[in-house]
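Reproduced below: start.cif, with mmCIF, C-alpha atoms and all ligand atoms; chains and numbers go by the auth columns.
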data_target
#
loop_
_atom_site.group_PDB
_atom_site.id
_atom_site.type_symbol
_atom_site.label_atom_id
_atom_site.label_comp_id
_atom_site.label_asym_id
_atom_site.label_seq_id
_atom_site.Cartn_x
_atom_site.Cartn_y
_atom_site.Cartn_z
_atom_site.B_iso_or_equiv
_atom_site.auth_seq_id
_atom_site.auth_asym_id
ATOM 1 C CA MET A 1 8.615 18.918 -16.899 0.00 1 A
ATOM 2 C CA CYS A 2 9.250 15.267 -16.012 0.00 2 A
ATOM 3 C CA ILE A 3 8.406 12.344 -18.307 0.00 3 A
ATOM 4 C CA PHE A 4 5.471 11.139 -16.187 0.00 4 A
ATOM 5 C CA CYS A 5 4.011 14.676 -15.995 0.00 5 A
ATOM 6 C CA LYS A 6 4.216 14.685 -19.800 0.00 6 A
ATOM 7 C CA ILE A 7 2.341 11.379 -19.925 0.00 7 A
ATOM 8 C CA VAL A 8 -0.266 12.795 -17.521 0.00 8 A
ATOM 9 C CA ASN A 9 -0.861 15.852 -19.736 0.00 9 A
ATOM 10 C CA GLY A 10 -0.751 13.886 -22.990 0.00 10 A
ATOM 11 C CA GLU A 11 2.507 15.352 -24.367 0.00 11 A
ATOM 12 C CA VAL A 12 4.106 11.896 -24.369 0.00 12 A
ATOM 13 C CA PRO A 13 2.075 8.869 -25.487 0.00 13 A
ATOM 14 C CA ALA A 14 1.498 5.928 -23.180 0.00 14 A
ATOM 15 C CA TYR A 15 -0.594 2.779 -23.091 0.00 15 A
ATOM 16 C CA LYS A 16 -3.028 4.073 -20.495 0.00 16 A
ATOM 17 C CA VAL A 17 -5.108 1.368 -18.847 0.00 17 A
ATOM 18 C CA TYR A 18 -6.879 3.341 -16.121 0.00 18 A
ATOM 19 C CA GLU A 19 -7.548 6.960 -15.238 0.00 19 A
ATOM 20 C CA ASP A 20 -9.478 8.853 -12.591 0.00 20 A
ATOM 21 C CA GLU A 21 -9.496 12.430 -11.285 0.00 21 A
ATOM 22 C CA LYS A 22 -6.140 12.263 -9.489 0.00 22 A
ATOM 23 C CA THR A 23 -4.275 9.277 -10.947 0.00 23 A
ATOM 24 C CA VAL A 24 -3.399 7.527 -14.159 0.00 24 A
ATOM 25 C CA ALA A 25 -2.025 4.040 -14.858 0.00 25 A
ATOM 26 C CA PHE A 26 -0.119 2.931 -17.954 0.00 26 A
ATOM 27 C CA LEU A 27 1.995 0.006 -19.139 0.00 27 A
ATOM 28 C CA ASP A 28 5.704 0.143 -18.330 0.00 28 A
ATOM 29 C CA ILE A 29 7.580 0.313 -21.656 0.00 29 A
ATOM 30 C CA PHE A 30 10.351 -1.938 -20.298 0.00 30 A
ATOM 31 C CA PRO A 31 8.099 -4.611 -18.748 0.00 31 A
ATOM 32 C CA ARG A 32 9.546 -6.849 -16.048 0.00 32 A
ATOM 33 C CA ALA A 33 6.345 -8.902 -16.052 0.00 33 A
ATOM 34 C CA TYR A 34 3.331 -9.496 -18.332 0.00 34 A
ATOM 35 C CA ALA A 35 1.323 -6.234 -18.261 0.00 35 A
ATOM 36 C CA HIS A 36 3.723 -4.548 -15.835 0.00 36 A
ATOM 37 C CA THR A 37 1.819 -1.372 -14.957 0.00 37 A
ATOM 38 C CA LEU A 38 2.747 1.932 -13.337 0.00 38 A
ATOM 39 C CA VAL A 39 0.261 3.935 -11.288 0.00 39 A
ATOM 40 C CA VAL A 40 1.079 7.633 -10.832 0.00 40 A
ATOM 41 C CA PRO A 41 -0.514 10.666 -9.199 0.00 41 A
ATOM 42 C CA LYS A 42 -1.430 13.391 -11.701 0.00 42 A
ATOM 43 C CA LYS A 43 0.319 15.934 -9.485 0.00 43 A
ATOM 44 C CA HIS A 44 4.122 15.836 -9.362 0.00 44 A
ATOM 45 C CA PHE A 45 5.652 14.533 -6.128 0.00 45 A
ATOM 46 C CA GLU A 46 9.120 12.999 -5.982 0.00 46 A
ATOM 47 C CA THR A 47 8.602 10.508 -3.182 0.00 47 A
ATOM 48 C CA ILE A 48 5.678 9.093 -1.211 0.00 48 A
ATOM 49 C CA ASP A 49 6.656 10.886 2.023 0.00 49 A
ATOM 50 C CA GLU A 50 6.230 14.241 0.229 0.00 50 A
ATOM 51 C CA MET A 51 2.677 13.533 -0.919 0.00 51 A
ATOM 52 C CA ASP A 52 -0.403 15.185 0.512 0.00 52 A
ATOM 53 C CA GLU A 53 -3.040 12.921 1.996 0.00 53 A
ATOM 54 C CA GLU A 54 -5.620 13.542 -0.697 0.00 54 A
ATOM 55 C CA TYR A 55 -3.308 12.264 -3.435 0.00 55 A
ATOM 56 C CA LEU A 56 -1.992 9.476 -1.243 0.00 56 A
ATOM 57 C CA ALA A 57 -5.463 8.115 -0.633 0.00 57 A
ATOM 58 C CA ALA A 58 -6.290 8.470 -4.332 0.00 58 A
ATOM 59 C CA LEU A 59 -3.080 6.654 -5.304 0.00 59 A
ATOM 60 C CA ILE A 60 -3.626 3.600 -3.141 0.00 60 A
ATOM 61 C CA LYS A 61 -7.281 3.376 -4.229 0.00 61 A
ATOM 62 C CA SER A 62 -6.125 3.526 -7.831 0.00 62 A
ATOM 63 C CA VAL A 63 -3.590 0.740 -7.194 0.00 63 A
ATOM 64 C CA LYS A 64 -6.446 -1.391 -5.896 0.00 64 A
ATOM 65 C CA ASN A 65 -8.624 -0.634 -8.926 0.00 65 A
ATOM 66 C CA VAL A 66 -5.819 -1.401 -11.376 0.00 66 A
ATOM 67 C CA ALA A 67 -4.930 -4.646 -9.591 0.00 67 A
ATOM 68 C CA LYS A 68 -8.589 -5.655 -9.827 0.00 68 A
ATOM 69 C CA LEU A 69 -8.651 -4.759 -13.517 0.00 69 A
ATOM 70 C CA LEU A 70 -5.556 -6.865 -14.204 0.00 70 A
ATOM 71 C CA LYS A 71 -7.053 -9.816 -12.356 0.00 71 A
ATOM 72 C CA GLU A 72 -10.351 -9.505 -14.204 0.00 72 A
ATOM 73 C CA LYS A 73 -9.026 -8.858 -17.710 0.00 73 A
ATOM 74 C CA LEU A 74 -5.833 -10.893 -17.731 0.00 74 A
ATOM 75 C CA ASN A 75 -6.620 -13.502 -15.112 0.00 75 A
ATOM 76 C CA ALA A 76 -3.607 -12.455 -13.059 0.00 76 A
ATOM 77 C CA GLU A 77 -3.343 -14.827 -10.126 0.00 77 A
ATOM 78 C CA GLY A 78 -1.439 -12.422 -7.904 0.00 78 A
ATOM 79 C CA TYR A 79 0.717 -9.336 -8.103 0.00 79 A
ATOM 80 C CA ASN A 80 3.715 -7.674 -6.542 0.00 80 A
ATOM 81 C CA ILE A 81 3.584 -4.004 -5.643 0.00 81 A
ATOM 82 C CA VAL A 82 6.866 -2.092 -5.625 0.00 82 A
ATOM 83 C CA SER A 83 7.726 1.563 -5.205 0.00 83 A
ATOM 84 C CA ASN A 84 11.274 2.873 -5.353 0.00 84 A
ATOM 85 C CA ASN A 85 11.680 6.141 -3.465 0.00 85 A
ATOM 86 C CA GLY A 86 14.894 8.130 -3.713 0.00 86 A
ATOM 87 C CA ARG A 87 17.922 7.452 -5.912 0.00 87 A
ATOM 88 C CA ALA A 88 19.477 5.184 -3.247 0.00 88 A
ATOM 89 C CA SER A 89 16.500 2.844 -3.676 0.00 89 A
ATOM 90 C CA GLY A 90 16.905 2.656 -7.446 0.00 90 A
ATOM 91 C CA GLN A 91 14.304 5.284 -8.362 0.00 91 A
ATOM 92 C CA GLU A 92 15.054 6.496 -11.895 0.00 92 A
ATOM 93 C CA VAL A 93 11.972 8.533 -12.687 0.00 93 A
ATOM 94 C CA MET A 94 11.625 11.136 -9.957 0.00 94 A
ATOM 95 C CA HIS A 95 7.803 11.243 -10.036 0.00 95 A
ATOM 96 C CA VAL A 96 6.080 8.933 -7.555 0.00 96 A
ATOM 97 C CA HIS A 97 4.956 5.696 -9.142 0.00 97 A
ATOM 98 C CA ILE A 98 3.755 2.333 -7.930 0.00 98 A
ATOM 99 C CA HIS A 99 4.778 -0.692 -9.986 0.00 99 A
ATOM 100 C CA ILE A 100 2.201 -3.463 -10.282 0.00 100 A
ATOM 101 C CA LEU A 101 3.704 -6.721 -11.523 0.00 101 A
ATOM 102 C CA PRO A 102 0.953 -9.206 -12.345 0.00 102 A
ATOM 103 C CA ARG A 103 1.930 -12.737 -11.383 0.00 103 A
ATOM 104 C CA PHE A 104 0.955 -16.155 -12.653 0.00 104 A
ATOM 105 C CA GLU A 105 1.791 -19.591 -11.283 0.00 105 A
ATOM 106 C CA ASN A 106 5.085 -20.765 -12.797 0.00 106 A
ATOM 107 C CA ASP A 107 5.686 -17.469 -14.618 0.00 107 A
ATOM 108 C CA ASN A 108 9.429 -17.834 -14.094 0.00 108 A
ATOM 109 C CA ILE A 109 9.826 -14.274 -12.917 0.00 109 A
ATOM 110 C CA LYS A 110 12.665 -13.826 -10.480 0.00 110 A
ATOM 111 C CA PHE A 111 11.265 -11.490 -7.890 0.00 111 A
ATOM 112 C CA GLU A 112 13.239 -11.827 -4.727 0.00 112 A
ATOM 113 C CA PHE A 113 13.102 -10.005 -1.459 0.00 113 A
ATOM 114 C CA PRO A 114 16.656 -9.403 -0.152 0.00 114 A
ATOM 115 C CA ASP A 115 18.277 -12.100 1.998 0.00 115 A
ATOM 116 C CA VAL A 116 18.169 -11.781 5.787 0.00 116 A
ATOM 117 C CA ILE A 117 21.102 -9.685 7.044 0.00 117 A
ATOM 118 C CA GLU A 118 22.233 -11.233 10.349 0.00 118 A
ATOM 119 C CA GLU A 119 24.146 -8.120 11.421 0.00 119 A
ATOM 120 C CA TYR A 120 20.960 -6.026 11.309 0.00 120 A
ATOM 121 C CA LYS A 121 18.972 -8.758 13.017 0.00 121 A
ATOM 122 C CA GLU A 122 21.352 -8.466 15.958 0.00 122 A
ATOM 123 C CA LYS A 123 20.935 -4.669 15.996 0.00 123 A
ATOM 124 C CA LEU A 124 17.116 -4.606 16.094 0.00 124 A
ATOM 125 C CA GLU A 125 17.006 -3.159 19.623 0.00 125 A
ATOM 126 C CA GLU A 126 19.490 -0.371 18.813 0.00 126 A
ATOM 127 C CA ILE A 127 17.685 0.456 15.575 0.00 127 A
ATOM 128 C CA HIS A 128 14.317 0.544 17.316 0.00 128 A
ATOM 129 C CA ARG A 129 15.722 2.962 19.932 0.00 129 A
ATOM 130 C CA LYS A 130 17.050 5.289 17.195 0.00 130 A
ATOM 131 C CA ILE A 131 13.661 5.480 15.522 0.00 131 A
ATOM 132 C CA VAL A 132 11.384 5.884 18.507 0.00 132 A
ATOM 133 C CA GLY A 133 13.809 7.237 21.112 0.00 133 A
HETATM 134 P P1 LIG B . 11.963 3.301 -11.157 0.00 201 B
HETATM 135 O O1 LIG B . 13.302 2.630 -11.221 0.00 201 B
HETATM 136 O O2 LIG B . 11.108 2.758 -10.061 0.00 201 B
HETATM 137 O O3 LIG B . 12.076 4.809 -11.148 0.00 201 B
HETATM 138 O O4 LIG B . 11.230 2.860 -12.483 0.00 201 B
HETATM 139 C C1 LIG B . 10.899 3.693 -13.546 0.00 201 B
HETATM 140 C C2 LIG B . 10.128 2.855 -14.526 0.00 201 B
HETATM 141 O O5 LIG B . 9.567 3.711 -15.506 0.00 201 B
HETATM 142 C C3 LIG B . 10.988 1.824 -15.266 0.00 201 B
HETATM 143 O O6 LIG B . 10.445 0.528 -15.040 0.00 201 B
HETATM 144 C C4 LIG B . 10.876 2.261 -16.727 0.00 201 B
HETATM 145 O O7 LIG B . 10.819 1.160 -17.599 0.00 201 B
HETATM 146 C C5 LIG B . 9.578 3.053 -16.742 0.00 201 B
HETATM 147 N N1 LIG B . 9.465 4.086 -17.761 0.00 201 B
HETATM 148 C C6 LIG B . 10.363 5.058 -18.044 0.00 201 B
HETATM 149 N N2 LIG B . 9.907 5.854 -19.044 0.00 201 B
HETATM 150 C C7 LIG B . 8.673 5.375 -19.378 0.00 201 B
HETATM 151 C C8 LIG B . 7.689 5.751 -20.335 0.00 201 B
HETATM 152 N N3 LIG B . 7.877 6.785 -21.157 0.00 201 B
HETATM 153 N N4 LIG B . 6.546 5.038 -20.399 0.00 201 B
HETATM 154 C C9 LIG B . 6.354 3.978 -19.574 0.00 201 B
HETATM 155 N N5 LIG B . 7.234 3.567 -18.661 0.00 201 B
HETATM 156 C C10 LIG B . 8.393 4.241 -18.564 0.00 201 B
HETATM 157 ZN ZN ZN B . 6.292 14.690 -12.787 0.00 202 B
#
Would you kindly transcribe this structure into structure tokens?
Amino acid sequence: MCIFCKIVNGEVPAYKVYEDEKTVAFLDIFPRAYAHTLVVPKKHFETIDEMDEEYLAALIKSVKNVAKLLKEKLNAEGYNIVSNNGRASGQEVMHVHIHILPRFENDNIKFEFPDVIEEYKEKLEEIHRKIVG
């Protein structure tokens, strides 16, 4: 059983901050931001594209509720939402999870979207054709 399934069933302790019928949220033990939180479905799925719609809807609703909680309780001024899917993306725990990184003005957190890749900008038409063609 995976580590997040063990947290869901209580075998492994976690700092749970929110729970509902289909999801649970807990603090990341290697925080990249103040109150860095992970939101997970209670059922094991590896990646978002494998999830059924019931759990998907529950997961995004839970993300909203947790973000609201972090704003209300910690006065977070914003937040970044990240989800790594598949090893190529950097996913280390193979149970779907959404990272919520609460943000504060001048919090000095380096959170950067990748730089523009000119080569891919030039290939937009070709890429579009591959996806929809
Ligand atoms: P990812 O690279 O998106 O798979 O991230 C996995 C995240 O899970 C990392 O940020 C880890 O710090 C976090 N993590 C791993 N084990 C635990 C645990 N037992 N409790 C809380 N967070 C964990
Ligand atoms: Zn699992």
**OP:** Give the answer as one residue: which of A:Asp28, A:Glu46, A:Glu125, A:Asp115 has the shortest atom-to-atom distance to ligand LIG 201 (chain B), using only C-alpha atoms and all ligand atoms?
**Re:**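 For ligand LIG 201 (chain B), the nearest of the given residues is A:Asp28.
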**OP:** Could you tell me which of A:Pro41, A:Gly10, A:Gly90, A:Pro102 comes closest to ligand LIG 201 (chain B) if we count all atoms listed in the file?
**Re:**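 For ligand LIG 201 (chain B), the nearest of the given residues is A:Gly90.
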**OP:** Name the residues captured by the PyMOL selection byres (((chain A and resi 79) around 12) and not hetatm) when it is applied to the shown file; answer as a PyMOL selection string.
**Re:** chain A and resi 33-37+63-64+66-71+74-78+80-82+99-105+107+109+111
Original post:
atom C1 of ligand LIG 201 (chain B) and atom CA of A:Lys73 are how many Å apart?
Top reply: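 Taking atom C1 of ligand LIG 201 (chain B) and atom CA of A:Lys73, their separation equals 23.9 Å.
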Subject >> Near-ligand residues for ligand LIG 201 (chain B), threshold 7 Å, only C-alpha atoms and all ligand atoms, as a list in words >> reply: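 Answer in the requested format: Ile3, Ala14, Phe26, Leu27, Asp28, Ile29, Phe30, Pro31, Ser83, Asn84, Gly90, Gln91, Glu92, Val93, Met94 and His97 of chain A.
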**OP:** Check which residues fall inside 8 Å of ligand ZN 202 (chain B) when counting all atoms listed in the file, and print them as a list in words.
**Re:**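 Taking all atoms listed in the file into account, the residues around ligand ZN 202 (chain B) at most 8 Å away are Met1, Cys2, Ile3, Phe4, Cys5, Lys6, Lys42, Lys43, His44, Phe45, Glu46, Met94, His95 and Val96 of chain A.
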Any chance you could export the current selection's C-alpha atoms as a PDB file, in the frame of the given file?
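Here's the written file result-v3.pdb:
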ATOM      1  CA  MET A   1       8.615  18.918 -16.899  1.00  0.00           C
ATOM      2  CA  CYS A   2       9.250  15.267 -16.012  1.00  0.00           C
ATOM      3  CA  ILE A   3       8.406  12.344 -18.307  1.00  0.00           C
ATOM      4  CA  PHE A   4       5.471  11.139 -16.187  1.00  0.00           C
ATOM      5  CA  CYS A   5       4.011  14.676 -15.995  1.00  0.00           C
ATOM      6  CA  LYS A   6       4.216  14.685 -19.800  1.00  0.00           C
ATOM      7  CA  LYS A  42      -1.430  13.391 -11.701  1.00  0.00           C
ATOM      8  CA  LYS A  43       0.319  15.934  -9.485  1.00  0.00           C
ATOM      9  CA  HIS A  44       4.122  15.836  -9.362  1.00  0.00           C
ATOM     10  CA  PHE A  45       5.652  14.533  -6.128  1.00  0.00           C
ATOM     11  CA  GLU A  46       9.120  12.999  -5.982  1.00  0.00           C
ATOM     12  CA  MET A  94      11.625  11.136  -9.957  1.00  0.00           C
ATOM     13  CA  HIS A  95       7.803  11.243 -10.036  1.00  0.00           C
ATOM     14  CA  VAL A  96       6.080   8.933  -7.555  1.00  0.00           C
TER      15      VAL A  96
END
**OP:** Could you tell me how far atom CA of A:Ser62 lies from atom CA of A:Glu11, in Å and to one decimal?
**Re:**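 These two atoms are separated by 22.1 Å.
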**OP:** Would you please work out which residue, of A:Asn9, A:Asn108, A:Thr23, A:Asn85, is nearest to A:Leu56 when using all atoms listed in the file?
**Re:** A:Thr23
Original post:
Between A:Val24, A:Ile48, A:Ala88, A:Ile131, which one has atoms that come closest to A:Lys61, using all atoms listed in the file?
Top reply: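 Of A:Val24, A:Ile48, A:Ala88, A:Ile131, the one nearest A:Lys61 is A:Val24, counting all atoms listed in the file.
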Original post:
How far is it from atom CA of A:Pro114 to atom CA of A:Ser89, in Å with one decimal?
Top reply: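 Computed distance, atom CA of A:Pro114 to atom CA of A:Ser89, equals 12.7 Å.
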Original post:
So, counting only C-alpha atoms, which residue among A:Gly86, A:Lys22, A:Arg32, A:Pro13 is closest to A:Glu53?
Top reply: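 Closest residue, counting only C-alpha atoms: A:Lys22.
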